[in-house]
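Peer 1: Got a structure for you, final-v4.pdb, holding PDB, C-alpha atoms.
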```
ATOM      1  CA  MET A 220      85.132  97.830 106.822
ATOM      2  CA  ALA A 221      87.070 100.936 107.919
ATOM      3  CA  GLU A 222      86.468 104.193 106.078
ATOM      4  CA  PHE A 223      89.151 105.817 104.006
ATOM      5  CA  LYS A 224      90.357 109.248 105.109
ATOM      6  CA  TYR A 225      88.974 110.743 101.887
ATOM      7  CA  GLN A 226      85.975 108.410 101.620
ATOM      8  CA  GLN A 227      83.569 111.145 100.496
ATOM      9  CA  GLN A 228      85.791 112.134  97.573
ATOM     10  CA  ILE A 229      86.412 108.484  96.651
ATOM     11  CA  ASP A 230      82.661 107.829  96.735
ATOM     12  CA  GLY A 231      82.194 110.808  94.419
ATOM     13  CA  LEU A 232      84.599 109.309  91.893
ATOM     14  CA  ILE A 233      82.846 105.931  92.112
ATOM     15  CA  LYS A 234      79.513 107.653  91.489
ATOM     16  CA  SER A 235      81.007 109.351  88.437
ATOM     17  CA  GLY A 236      81.644 105.913  86.938
ATOM     18  CA  LEU A 237      85.271 105.267  87.864
ATOM     19  CA  THR A 238      86.323 101.949  89.377
ATOM     20  CA  LEU A 239      88.566 101.861  92.423
ATOM     21  CA  PRO A 240      91.659  99.757  91.608
ATOM     22  CA  GLU A 241      92.147  96.461  93.392
ATOM     23  CA  LEU A 242      93.602  97.134  96.841
ATOM     24  CA  PHE A 243      95.480  94.916  99.278
ATOM     25  CA  SER A 244      96.390  94.830 102.951
ATOM     26  CA  PRO A 245      99.940  96.093 103.549
ATOM     27  CA  ASN A 246     100.747  93.457 106.223
ATOM     28  CA  GLY A 247     103.462  95.531 107.882
ATOM     29  CA  LEU A 248     105.176  96.468 104.619
ATOM     30  CA  THR A 249     108.146  98.836 105.030
ATOM     31  CA  ALA A 250     107.422 101.846 102.811
ATOM     32  CA  PHE A 251     109.444 104.834 101.650
ATOM     33  CA  ARG A 252     108.053 108.251 100.716
ATOM     34  CA  PHE A 253     109.453 111.599  99.684
ATOM     35  CA  ALA A 254     109.022 114.197 102.424
ATOM     36  CA  PHE A 255     109.999 117.650 103.616
ATOM     37  CA  LYS A 256     112.507 117.531 106.454
ATOM     38  CA  ASP A 257     111.523 120.882 107.978
ATOM     39  CA  ASP A 258     108.023 121.635 106.574
ATOM     40  CA  LYS A 259     106.447 118.623 108.233
ATOM     41  CA  GLU A 260     102.898 119.931 107.785
ATOM     42  CA  LYS A 261     103.370 119.411 104.028
ATOM     43  CA  ASN A 262     104.080 115.704 104.439
ATOM     44  CA  HIS A 263     101.703 112.822 103.808
ATOM     45  CA  LEU A 264      99.078 114.821 101.912
ATOM     46  CA  PRO A 265      97.595 113.471  98.661
ATOM     47  CA  VAL A 266      97.886 115.659  95.582
ATOM     48  CA  SER A 267      94.171 116.477  95.433
ATOM     49  CA  VAL A 268      94.242 117.623  99.061
ATOM     50  CA  ILE A 269      97.371 119.769  99.210
ATOM     51  CA  ASN A 270      96.860 123.476  98.721
ATOM     52  CA  PRO A 271      97.437 124.545  96.021
ATOM     53  CA  SER A 272      96.532 121.231  94.466
ATOM     54  CA  ARG A 273      98.890 119.969  91.766
ATOM     55  CA  VAL A 274      95.950 118.713  89.718
ATOM     56  CA  LEU A 275      95.118 119.833  86.197
ATOM     57  CA  PRO A 276      91.470 120.549  85.278
ATOM     58  CA  ASP A 277      89.077 117.612  84.829
ATOM     59  CA  ASP A 278      91.726 115.195  85.977
ATOM     60  CA  LEU A 279      90.343 113.808  89.193
ATOM     61  CA  LYS A 280      91.257 110.210  89.878
ATOM     62  CA  PHE A 281      91.560 107.849  92.822
ATOM     63  CA  SER A 282      95.322 108.204  93.075
ATOM     64  CA  GLY A 283      94.749 111.893  93.792
ATOM     65  CA  TYR A 284      93.521 110.732  97.213
ATOM     66  CA  ALA A 285      96.378 108.296  97.820
ATOM     67  CA  LEU A 286     100.014 108.655  98.850
ATOM     68  CA  SER A 287     102.857 107.599  96.535
ATOM     69  CA  CYS A 288     105.121 105.042  98.232
ATOM     70  CA  TYR A 289     107.902 102.594  97.373
ATOM     71  CA  ASP A 290     108.831  99.290  98.953
ATOM     72  CA  ASP A 291     112.492  99.624  97.906
ATOM     73  CA  GLU A 292     114.748 102.384  99.231
ATOM     74  CA  GLN A 293     117.201 102.304  96.324
ATOM     75  CA  LYS A 294     114.423 102.438  93.744
ATOM     76  CA  ALA A 295     112.918 105.436  95.530
ATOM     77  CA  VAL A 296     116.239 107.282  95.524
ATOM     78  CA  PHE A 297     116.776 106.418  91.835
ATOM     79  CA  ARG A 298     113.306 107.757  91.074
ATOM     80  CA  TYR A 299     113.961 110.978  93.001
ATOM     81  CA  LYS A 300     117.175 111.631  91.068
ATOM     82  CA  ASN A 301     115.369 111.119  87.775
ATOM     83  CA  LEU A 302     112.514 113.385  88.799
ATOM     84  CA  CYS A 303     114.960 116.124  89.763
ATOM     85  CA  LYS A 304     116.239 116.105  86.182
ATOM     86  CA  LEU A 305     112.870 117.506  85.063
ATOM     87  CA  ASN A 306     113.849 120.909  86.458
ATOM     88  CA  LYS A 307     115.756 122.472  89.312
ATOM     89  CA  LYS A 308     112.653 123.379  91.321
ATOM     90  CA  MET A 309     111.361 119.849  91.629
ATOM     91  CA  ARG A 310     112.229 119.480  95.295
ATOM     92  CA  LEU A 311     109.772 122.325  96.075
ATOM     93  CA  THR A 312     106.948 119.959  95.271
ATOM     94  CA  LEU A 313     108.539 116.542  95.939
ATOM     95  CA  GLY A 314     110.307 117.318  99.191
ATOM     96  CA  ASP A 315     113.982 117.062 100.083
ATOM     97  CA  SER A 316     114.125 113.807 102.020
ATOM     98  CA  LEU A 317     113.172 110.169 102.090
ATOM     99  CA  CYS A 318     111.104 108.992 105.023
ATOM    100  CA  CYS A 319     110.371 105.453 106.031
ATOM    101  CA  GLY A 320     107.870 103.527 108.136
ATOM    102  CA  LYS A 321     105.774 100.405 108.373
ATOM    103  CA  LEU A 322     102.277 100.242 106.919
ATOM    104  CA  GLU A 323     100.042  98.163 109.150
ATOM    105  CA  ASN A 324      96.680  96.762 108.171
ATOM    106  CA  LYS A 325      94.953  99.226 110.501
ATOM    107  CA  ASP A 326      96.517 102.102 108.511
ATOM    108  CA  GLY A 327      94.897 101.482 105.126
ATOM    109  CA  LEU A 328      95.185  99.599 101.852
ATOM    110  CA  ILE A 329      97.760  99.591  99.053
ATOM    111  CA  SER A 330      97.539  99.265  95.290
ATOM    112  CA  GLU A 331      99.505  96.685  93.331
ATOM    113  CA  ILE A 332     103.262  97.337  93.506
ATOM    114  CA  GLU A 333     104.712  98.222  90.092
ATOM    115  CA  THR A 334     107.309  95.648  89.043
ATOM    116  CA  PHE A 335     110.061  97.971  87.832
ATOM    117  CA  SER A 336     109.665 101.142  89.878
ATOM    118  CA  ARG A 337     108.406  99.425  93.081
ATOM    119  CA  HIS A 338     105.898 102.275  93.378
ATOM    120  CA  PHE A 339     102.449 101.845  94.869
ATOM    121  CA  ASP A 340      99.605 104.015  96.116
ATOM    122  CA  PHE A 341      98.630 103.946  99.774
ATOM    123  CA  TYR A 342      95.003 104.738 100.634
ATOM    124  CA  GLU A 343      94.840 105.863 104.264
ATOM    125  CA  TYR A 344      92.038 104.903 106.620
ATOM    126  CA  ALA A 345      90.377 107.768 108.477
ATOM    127  CA  ASN A 346      92.413 107.360 111.664
ATOM    128  CA  CYS A 347      95.793 106.880 109.978
ATOM    129  CA  ASP A 348      98.521 109.413 110.764
ATOM    130  CA  LEU A 349     101.824 108.599 109.091
ATOM    131  CA  SER A 350     103.514 111.559 110.783
ATOM    132  CA  LYS A 351     103.485 109.462 113.973
ATOM    133  CA  THR A 352     105.047 106.373 112.422
ATOM    134  CA  PHE A 353     107.232 107.581 109.534
ATOM    135  CA  THR A 354     110.656 109.112 110.171
ATOM    136  CA  ILE A 355     113.210 110.798 107.928
ATOM    137  CA  LYS A 356     115.670 108.184 106.671
ATOM    138  CA  GLN A 357     117.951 110.300 104.501
ATOM    139  CA  ILE A 358     118.290 113.755 102.984
ATOM    140  CA  LEU A 359     118.103 113.665  99.199
ATOM    141  CA  LEU A 360     119.663 116.996  98.284
TER     142      LEU A 360
ATOM    143  CA  MET B 165     108.163 131.706  92.414
ATOM    144  CA  THR B 166     110.406 133.029  89.669
ATOM    145  CA  THR B 167     109.184 136.295  88.108
ATOM    146  CA  LEU B 168     108.768 136.052  84.366
ATOM    147  CA  GLU B 169     109.275 139.125  82.200
ATOM    148  CA  THR B 170     107.217 138.149  79.264
ATOM    149  CA  PHE B 171     104.085 138.739  77.234
ATOM    150  CA  SER B 172     100.639 137.245  77.445
ATOM    151  CA  LEU B 173      99.042 134.967  74.847
ATOM    152  CA  PRO B 174      95.474 133.628  74.768
ATOM    153  CA  PHE B 175      95.165 129.932  75.511
ATOM    154  CA  ASP B 176      92.085 127.790  74.968
ATOM    155  CA  PHE B 177      92.360 124.887  77.377
ATOM    156  CA  SER B 178      88.808 123.776  76.532
ATOM    157  CA  LYS B 179      90.122 122.246  73.303
ATOM    158  CA  MET B 180      92.684 120.177  75.168
ATOM    159  CA  LYS B 181      92.087 116.536  75.965
ATOM    160  CA  LYS B 182      94.399 114.719  78.322
ATOM    161  CA  ALA B 183      96.012 111.746  76.615
ATOM    162  CA  ALA B 184      98.367 110.445  79.299
ATOM    163  CA  ASP B 185     100.308 111.114  82.434
ATOM    164  CA  LEU B 186     103.889 110.573  81.313
ATOM    165  CA  ILE B 187     105.432 111.103  84.748
ATOM    166  CA  TYR B 188     103.378 110.842  87.925
ATOM    167  CA  GLU B 189     104.652 111.129  91.476
ATOM    168  CA  ASN B 190     102.054 111.965  94.087
ATOM    169  CA  GLY B 191     100.345 113.795  91.234
ATOM    170  CA  THR B 192     101.090 114.743  87.667
ATOM    171  CA  LEU B 193     104.534 116.117  86.842
ATOM    172  CA  LEU B 194     104.498 115.675  83.069
ATOM    173  CA  ALA B 195     101.279 115.203  81.125
ATOM    174  CA  LEU B 196     100.427 114.943  77.455
ATOM    175  CA  TYR B 197      97.421 116.767  76.061
ATOM    176  CA  VAL B 198      96.065 116.606  72.545
ATOM    177  CA  SER B 199      94.255 119.434  70.785
ATOM    178  CA  GLU B 200      92.984 118.447  67.358
ATOM    179  CA  ASN B 201      96.201 117.200  65.736
ATOM    180  CA  ASP B 202      98.607 118.987  68.053
ATOM    181  CA  TYR B 203     100.425 117.436  70.999
ATOM    182  CA  TYR B 204     101.180 119.566  74.073
ATOM    183  CA  LEU B 205     103.296 118.692  77.078
ATOM    184  CA  PHE B 206     102.467 120.157  80.492
ATOM    185  CA  LEU B 207     105.550 120.087  82.703
ATOM    186  CA  TRP B 208     105.306 121.132  86.351
ATOM    187  CA  ALA B 209     107.664 124.081  86.771
ATOM    188  CA  ASP B 210     107.228 125.876  90.085
ATOM    189  CA  CYS B 211     104.850 126.716  92.919
ATOM    190  CA  ASN B 212     104.046 129.163  95.675
ATOM    191  CA  GLU B 213     101.329 129.240  98.371
ATOM    192  CA  THR B 214      98.624 129.931  95.781
ATOM    193  CA  PHE B 215      99.549 128.416  92.440
ATOM    194  CA  ASN B 216     101.380 125.651  90.688
ATOM    195  CA  ARG B 217     103.135 126.858  87.553
ATOM    196  CA  TRP B 218     102.995 124.666  84.452
ATOM    197  CA  MET B 219     105.272 125.010  81.446
ATOM    198  CA  ILE B 220     103.357 124.141  78.291
ATOM    199  CA  PHE B 221     104.942 123.482  74.929
ATOM    200  CA  ARG B 222     104.014 121.791  71.693
ATOM    201  CA  THR B 223     105.766 118.661  70.541
ATOM    202  CA  THR B 224     105.541 116.163  67.713
ATOM    203  CA  LEU B 225     104.616 112.514  67.934
ATOM    204  CA  LYS B 226     108.041 111.648  66.517
ATOM    205  CA  ASP B 227     109.905 113.598  69.210
ATOM    206  CA  LEU B 228     107.576 112.262  71.879
ATOM    207  CA  SER B 229     108.297 108.675  70.823
ATOM    208  CA  SER B 230     112.036 109.412  70.788
ATOM    209  CA  TYR B 231     111.743 110.741  74.331
ATOM    210  CA  ILE B 232     109.694 107.828  75.647
ATOM    211  CA  TYR B 233     112.070 105.285  74.127
ATOM    212  CA  GLY B 234     115.116 106.994  75.598
ATOM    213  CA  LYS B 235     116.582 108.382  72.396
ATOM    214  CA  MET B 236     116.054 112.059  73.178
ATOM    215  CA  PRO B 237     116.078 113.953  76.496
ATOM    216  CA  LEU B 238     113.165 116.116  77.594
ATOM    217  CA  TYR B 239     115.562 119.066  77.349
ATOM    218  CA  ASP B 240     115.610 118.686  73.556
ATOM    219  CA  LEU B 241     111.824 118.574  73.367
ATOM    220  CA  VAL B 242     111.677 121.882  75.229
ATOM    221  CA  VAL B 243     114.416 123.851  73.483
ATOM    222  CA  ASN B 244     113.678 122.492  69.996
ATOM    223  CA  ASN B 245     109.906 122.580  70.224
ATOM    224  CA  PRO B 246     108.139 123.411  66.931
ATOM    225  CA  ASP B 247     106.931 126.834  68.107
ATOM    226  CA  GLY B 248     110.242 128.168  69.389
ATOM    227  CA  PHE B 249     108.521 129.395  72.556
ATOM    228  CA  VAL B 250     106.918 127.970  75.670
ATOM    229  CA  ARG B 251     103.931 129.056  77.701
ATOM    230  CA  PHE B 252     103.587 129.289  81.463
ATOM    231  CA  ALA B 253     100.268 129.007  83.287
ATOM    232  CA  ASP B 254      99.776 129.579  87.017
ATOM    233  CA  TYR B 255      96.892 127.380  88.134
ATOM    234  CA  SER B 256      95.431 126.984  91.614
ATOM    235  CA  GLY B 257      94.155 123.468  90.968
ATOM    236  CA  GLN B 258      90.545 124.621  91.145
ATOM    237  CA  GLY B 259      88.171 126.073  88.587
ATOM    238  CA  LYS B 260      88.990 126.928  85.028
ATOM    239  CA  PHE B 261      92.477 126.864  83.591
ATOM    240  CA  PRO B 262      93.826 130.357  82.763
ATOM    241  CA  SER B 263      92.626 131.677  79.415
ATOM    242  CA  GLU B 264      95.904 133.538  78.995
ATOM    243  CA  THR B 265      99.422 132.182  79.376
ATOM    244  CA  LEU B 266     102.770 133.871  79.789
ATOM    245  CA  SER B 267     104.991 133.147  76.829
ATOM    246  CA  LEU B 268     108.746 133.079  76.478
ATOM    247  CA  PRO B 269     111.093 132.282  73.605
ATOM    248  CA  VAL B 270     113.027 129.137  74.479
ATOM    249  CA  LYS B 271     116.258 131.103  74.775
ATOM    250  CA  LYS B 272     114.757 133.139  77.621
ATOM    251  CA  ILE B 273     113.451 130.255  79.724
ATOM    252  CA  PRO B 274     114.902 130.627  83.242
ATOM    253  CA  GLU B 275     117.646 128.079  83.887
ATOM    254  CA  ASP B 276     115.697 126.744  86.880
ATOM    255  CA  TYR B 277     112.825 125.743  84.604
ATOM    256  CA  LEU B 278     114.847 123.817  82.044
ATOM    257  CA  PRO B 279     115.203 120.031  82.276
ATOM    258  CA  ASP B 280     118.730 118.684  82.590
ATOM    259  CA  GLU B 281     120.472 117.956  79.320
ATOM    260  CA  ASP B 282     120.450 114.262  80.250
ATOM    261  CA  SER B 283     116.758 114.203  81.168
ATOM    262  CA  TYR B 284     116.054 110.902  79.455
ATOM    263  CA  PHE B 285     112.820 109.057  80.171
ATOM    264  CA  GLU B 286     113.574 106.474  82.842
ATOM    265  CA  PHE B 287     110.047 105.811  84.015
ATOM    266  CA  GLU B 288     107.360 103.224  83.394
ATOM    267  CA  ILE B 289     105.895 103.114  79.898
ATOM    268  CA  THR B 290     102.291 102.583  80.912
ATOM    269  CA  ASP B 291      99.564 101.229  78.648
ATOM    270  CA  GLU B 292      98.208 104.781  78.502
ATOM    271  CA  ILE B 293     101.534 106.008  77.076
ATOM    272  CA  LYS B 294     101.851 103.057  74.680
ATOM    273  CA  ASN B 295      98.440 103.887  73.319
ATOM    274  CA  VAL B 296      99.495 107.451  72.511
ATOM    275  CA  ILE B 297     102.708 106.575  70.719
ATOM    276  CA  SER B 298     101.246 103.561  68.949
ATOM    277  CA  PRO B 299     101.701 103.463  65.146
ATOM    278  CA  LYS B 300      97.964 103.942  64.720
ATOM    279  CA  ASN B 301      98.442 107.581  65.654
ATOM    280  CA  TYR B 302     100.906 108.277  62.881
ATOM    281  CA  LYS B 303      99.577 109.781  59.698
ATOM    282  CA  ILE B 304     101.481 108.823  56.602
ATOM    283  CA  SER B 305     100.612 108.969  52.965
ATOM    284  CA  VAL B 306     101.390 106.072  50.690
ATOM    285  CA  PRO B 307     101.481 106.528  46.899
ATOM    286  CA  GLU B 308      98.637 104.646  45.266
ATOM    287  CA  LYS B 309     100.903 102.274  43.346
ATOM    288  CA  GLU B 310     102.612 101.214  46.616
ATOM    289  CA  GLN B 311      99.471 100.817  48.722
ATOM    290  CA  SER B 312      99.076  97.114  47.975
ATOM    291  CA  LEU B 313     102.599  96.407  49.220
ATOM    292  CA  PHE B 314     102.038  98.728  52.195
ATOM    293  CA  PHE B 315      98.859  96.989  53.320
ATOM    294  CA  THR B 316     100.489  93.569  52.882
ATOM    295  CA  LEU B 317     103.277  94.709  55.173
ATOM    296  CA  MET B 318     100.760  96.077  57.665
ATOM    297  CA  ASP B 319      98.990  92.717  57.658
ATOM    298  CA  LYS B 320     102.244  90.908  58.361
ATOM    299  CA  LEU B 321     102.908  93.244  61.275
ATOM    300  CA  GLY B 322      99.456  92.555  62.658
ATOM    301  CA  TRP B 323      98.346  96.147  62.266
ATOM    302  CA  LYS B 324      95.325  95.455  60.093
ATOM    303  CA  SER B 325      93.057  97.698  62.082
ATOM    304  CA  THR B 326      95.355 100.675  61.632
ATOM    305  CA  ALA B 327      95.292 100.686  57.843
ATOM    306  CA  ALA B 328      93.374 103.497  56.258
ATOM    307  CA  VAL B 329      93.077 104.911  52.777
ATOM    308  CA  TRP B 330      93.249 108.637  52.189
TER     309      TRP B 330
END
```
Please express the file's structure as structure tokens.

Peer 2:
Amino acid sequence: MAEFKYQQQIDGLIKSGLTLPELFSPNGLTAFRFAFKDDKEKNHLPVSVINPSRVLPDDLKFSGYALSCYDDEQKAVFRYKNLCKLNKKMRLTLGDSLCCGKLENKDGLISEIETFSRHFDFYEYANCDLSKTFTIKQILL
Amino acid sequence: MTTLETFSLPFDFSKMKKAADLIYENGTLLALYVSENDYYLFLWADCNETFNRWMIFRTTLKDLSSYIYGKMPLYDLVVNNPDGFVRFADYSGQGKFPSETLSLPVKKIPEDYLPDEDSYFEFEITDEIKNVISPKNYKISVPEKEQSLFFTLMDKLGWKSTAAVW
């Protein structure tokens, strides 16, 4: 089985007693993610990896090493608009755009897709690089 | 990051226990913490190259339930919070949470940091959230002469395990 990109950290969480959620092969699923149009180096980084990390103390969990994705463009845009109601700085941490690409089985595994929001977590394999396969679909400003 | 002209207040994060992520998108954006009988919301507010800034304010279980069920916007929880002020903490994501927070009366919160007036909760109500706002977390007192009727009603609602006598 291929290793996850953040396998060491995931192993650490498993050792601490947490259970990795059930994961599935993406089978070429078209996925949408929030992204930065110009600051591309900020894209496709899990929350526990970005610097500074947007993690509160003692709150490590598997999803901190996964990427938030949607399988429905309209649901993703709806979500973005709702998130931007939380305050006017939200795009500094979410990004300003929606990017899109296909998730192949060689890229990693996905969590169960939430029924209403169509959100899921994507756990990258070590050799996955979404910056090569995902492109900006629309600006969300 | 917006400069805050404010005063510092001690803050003991060690007493805080995370109860739920209310809004999560590639990380926490709004989280609920409980300290003894007090409920605190941590709302992501801002960031720079070194820190994420969190706005922290107390709320009540009643207001929290109203927010989760779409009857009250987050804006109201912020500006009408029981303390009349909010705290800001700049946290790097590593090590201990700051032991001091910057505090501002609600009227002086920068516009950029306030939720929209129509910031209603339009997100998933997860099991974690349901557990927090469940009736078992409400504390009510029932006069002794009405307790029999109260517990009968609780039984009918299937909330036997939540009944308690004070």

Peer 1: Can you tell me which residues surround B:Glu275 at a distance of at most 12 Å, considering all atoms listed in the file, apart from same-chain residues fewer than 3 positions away, and format the answer as a list in words?

Peer 2: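 Neighbouring residues, sequence-local ones excluded: Leu305, Asn306, Lys307 and Lys308 of chain A; Thr166, Leu168, Ala209, Tyr239, Val243, Val270, Lys271, Lys272, Leu278, Pro279, Asp280 and Glu281 of chain B.
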
Peer 1: Using atom CA of A:Leu264 and atom CA of B:Leu205 as the two end points, give the distance in Å to one decimal.

Peer 2: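 Result for atom CA of A:Leu264 versus atom CA of B:Leu205: 25.5 Å, one decimal.
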
Peer 1: Using all atoms listed in the file, find each residue in chain B having at least one atom no more than 9 Å away from chain A; report its shortest atom-to-atom pair and that distance in Å (one decimal), rows by chain then rising number, as a Markdown table.

Peer 2:
```
| residue | atom | partner | partner_atom | distance |
| --- | --- | --- | --- | --- |
| B:Lys182 | CA | A:Asp278 | CA | 8.1 |
| B:Ile187 | CA | A:Leu302 | CA | 8.5 |
| B:Glu189 | CA | A:Ser287 | CA | 6.4 |
| B:Asn190 | CA | A:Ser287 | CA | 5.1 |
| B:Gly191 | CA | A:Val266 | CA | 5.3 |
| B:Thr192 | CA | A:Val274 | CA | 6.8 |
| B:Leu193 | CA | A:Arg273 | CA | 8.4 |
| B:Leu194 | CA | A:Leu305 | CA | 8.8 |
| B:Leu207 | CA | A:Leu305 | CA | 8.1 |
| B:Trp208 | CA | A:Met309 | CA | 8.1 |
| B:Ala209 | CA | A:Lys308 | CA | 6.8 |
| B:Asp210 | CA | A:Lys308 | CA | 6.1 |
| B:Cys211 | CA | A:Leu311 | CA | 7.3 |
| B:Asn212 | CA | A:Pro271 | CA | 8.1 |
| B:Glu213 | CA | A:Pro271 | CA | 6.5 |
| B:Thr214 | CA | A:Pro271 | CA | 5.5 |
| B:Phe215 | CA | A:Pro271 | CA | 5.7 |
| B:Asn216 | CA | A:Arg273 | CA | 6.3 |
| B:Leu238 | CA | A:Leu305 | CA | 7.6 |
| B:Tyr239 | CA | A:Leu305 | CA | 8.3 |
| B:Tyr255 | CA | A:Leu275 | CA | 8.0 |
| B:Ser256 | CA | A:Pro271 | CA | 5.4 |
| B:Gly257 | CA | A:Ser272 | CA | 4.8 |
| B:Gln258 | CA | A:Pro276 | CA | 7.2 |
| B:Gly259 | CA | A:Pro276 | CA | 7.2 |
| B:Lys260 | CA | A:Pro276 | CA | 6.8 |
| B:Phe261 | CA | A:Pro276 | CA | 6.6 |
| B:Glu275 | CA | A:Lys307 | CA | 8.0 |
| B:Asp276 | CA | A:Lys307 | CA | 4.9 |
| B:Tyr277 | CA | A:Asn306 | CA | 5.3 |
| B:Leu278 | CA | A:Asn306 | CA | 5.4 |
| B:Pro279 | CA | A:Leu305 | CA | 4.4 |
| B:Asp280 | CA | A:Lys304 | CA | 5.1 |
| B:Glu281 | CA | A:Lys304 | CA | 8.3 |
| B:Asp282 | CA | A:Lys304 | CA | 7.5 |
| B:Ser283 | CA | A:Lys304 | CA | 5.4 |
| B:Tyr284 | CA | A:Asn301 | CA | 8.4 |
| B:Phe285 | CA | A:Asn301 | CA | 8.3 |
| B:Glu286 | CA | A:Asn301 | CA | 7.0 |
| B:Phe287 | CA | A:Ser336 | CA | 7.5 |
| B:Glu288 | CA | A:Ser336 | CA | 7.2 |
```

Peer 1: Write a file of the just-selected residues containing C-alpha atoms, as a short mmCIF file (atom, residue, chain, number, x, y, z; two decimals), in the coordinates of the input.

Peer 2:
```cif
data_model
loop_
_atom_site.label_atom_id
_atom_site.label_comp_id
_atom_site.auth_asym_id
_atom_site.auth_seq_id
_atom_site.Cartn_x
_atom_site.Cartn_y
_atom_site.Cartn_z
CA LYS B 182 94.40 114.72 78.32
CA ILE B 187 105.43 111.10 84.75
CA GLU B 189 104.65 111.13 91.48
CA ASN B 190 102.05 111.96 94.09
CA GLY B 191 100.34 113.80 91.23
CA THR B 192 101.09 114.74 87.67
CA LEU B 193 104.53 116.12 86.84
CA LEU B 194 104.50 115.68 83.07
CA LEU B 207 105.55 120.09 82.70
CA TRP B 208 105.31 121.13 86.35
CA ALA B 209 107.66 124.08 86.77
CA ASP B 210 107.23 125.88 90.08
CA CYS B 211 104.85 126.72 92.92
CA ASN B 212 104.05 129.16 95.68
CA GLU B 213 101.33 129.24 98.37
CA THR B 214 98.62 129.93 95.78
CA PHE B 215 99.55 128.42 92.44
CA ASN B 216 101.38 125.65 90.69
CA LEU B 238 113.16 116.12 77.59
CA TYR B 239 115.56 119.07 77.35
CA TYR B 255 96.89 127.38 88.13
CA SER B 256 95.43 126.98 91.61
CA GLY B 257 94.16 123.47 90.97
CA GLN B 258 90.54 124.62 91.14
CA GLY B 259 88.17 126.07 88.59
CA LYS B 260 88.99 126.93 85.03
CA PHE B 261 92.48 126.86 83.59
CA GLU B 275 117.65 128.08 83.89
CA ASP B 276 115.70 126.74 86.88
CA TYR B 277 112.82 125.74 84.60
CA LEU B 278 114.85 123.82 82.04
CA PRO B 279 115.20 120.03 82.28
CA ASP B 280 118.73 118.68 82.59
CA GLU B 281 120.47 117.96 79.32
CA ASP B 282 120.45 114.26 80.25
CA SER B 283 116.76 114.20 81.17
CA TYR B 284 116.05 110.90 79.46
CA PHE B 285 112.82 109.06 80.17
CA GLU B 286 113.57 106.47 82.84
CA PHE B 287 110.05 105.81 84.02
CA GLU B 288 107.36 103.22 83.39
#
```

Peer 1: Using only C-alpha atoms, find the one residue out of A:Lys356, A:Gly231, A:Gly314, A:Asn324 that sits nearest to A:Lys259.

Peer 2: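 So, comparing all the options, the nearest one is A:Gly314.
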
Peer 1: Find the distance between atom CA of A:Lys224 and atom CA of A:Glu343 and write it in Å to one decimal.

Peer 2: 5.7 Å

Peer 1: Please report the interatomic distance between atom CA of A:Gly327 and atom CA of A:Asn346 in Å with one decimal.

Peer 2: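 Separating atom CA of A:Gly327 from atom CA of A:Asn346 is a distance of 9.1 Å.
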
Peer 1: Tell me which protein, DNA and RNA residues are within 10 Å of stretch 349-353 of chain A, counting all atoms listed in the file, leaving out same-chain ones fewer than 5 positions away, and put them as number ranges by chain.

Peer 2: A: 249-252, 254, 259-260, 262-264, 317-322, 326, 343

Peer 1: Which residue, A:Glu222, A:Asp348, A:Glu292, A:Asp230, has the smallest gap to A:Ser316 when you use all atoms listed in the file?

Peer 2: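 Closest residue, counting all atoms listed in the file: A:Glu292.
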
Peer 1: Would you please work out which residue, of B:Ser312, B:Thr265, B:Thr224, B:Ser178, is nearest to B:Tyr203 when using all atoms listed in the file?

Peer 2: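 For B:Tyr203, the nearest of the given residues is B:Thr224.
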
Peer 1: Excluding same-chain residues fewer than 3 positions from B:Glu169, what lies within 12 Å of it counting all atoms listed in the file, as a list in words?

Peer 2: Thr166, Ser172, Phe252, Leu266, Ser267, Leu268, Pro269, Lys272, Ile273 and Pro274 of chain B

Peer 1: Please give the centre and size of the box around stretch 166-185 of chain B (axis-aligned, containing every atom listed in the file, 8 Å added per side), with values in Å to one decimal and written as JSON.

Peer 2:
```
{"center_x": 99.6, "center_y": 124.8, "center_z": 81.5, "size_x": 37.6, "size_y": 44.7, "size_z": 32.4}
```

Peer 1: Which residues would end up in the selection if the PyMOL selection byres ((chain B and resi 222) around 12) were applied here, given that I need the answer as a ChimeraX atom specification?

Peer 2: /B:180,195-199,201-207,219-221,223-225,227-228,241-251,270

Peer 1: Just stretch 281-287 of chain A, please, as an mmCIF file, in the first residue's frame (only N, CA and C atoms).

Peer 2:
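To be explicit, this is the file written out as out-v3.cif:
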```cif
data_model
loop_
_atom_site.group_PDB
_atom_site.id
_atom_site.type_symbol
_atom_site.label_atom_id
_atom_site.label_comp_id
_atom_site.auth_asym_id
_atom_site.auth_seq_id
_atom_site.Cartn_x
_atom_site.Cartn_y
_atom_site.Cartn_z
ATOM 1 N N PHE A 281 -6.863 13.648 12.377
ATOM 2 C CA PHE A 281 -6.463 13.184 11.049
ATOM 3 C C PHE A 281 -6.766 14.211 9.967
ATOM 4 N N SER A 282 -7.911 14.875 10.092
ATOM 5 C CA SER A 282 -8.281 15.822 9.029
ATOM 6 C C SER A 282 -7.302 16.986 8.949
ATOM 7 N N GLY A 283 -6.512 17.190 9.988
ATOM 8 C CA GLY A 283 -5.463 18.206 9.936
ATOM 9 C C GLY A 283 -4.381 17.884 8.922
ATOM 10 N N TYR A 284 -4.347 16.602 8.471
ATOM 11 C CA TYR A 284 -3.361 16.187 7.472
ATOM 12 C C TYR A 284 -4.045 15.809 6.156
ATOM 13 N N ALA A 285 -5.248 16.336 5.965
ATOM 14 C CA ALA A 285 -6.005 16.079 4.740
ATOM 15 C C ALA A 285 -6.429 17.411 4.127
ATOM 16 N N LEU A 286 -6.871 17.354 2.882
ATOM 17 C CA LEU A 286 -7.283 18.559 2.167
ATOM 18 C C LEU A 286 -8.802 18.558 2.001
ATOM 19 N N SER A 287 -9.443 19.673 2.378
ATOM 20 C CA SER A 287 -10.893 19.796 2.210
ATOM 21 C C SER A 287 -11.236 19.903 0.727
#
```
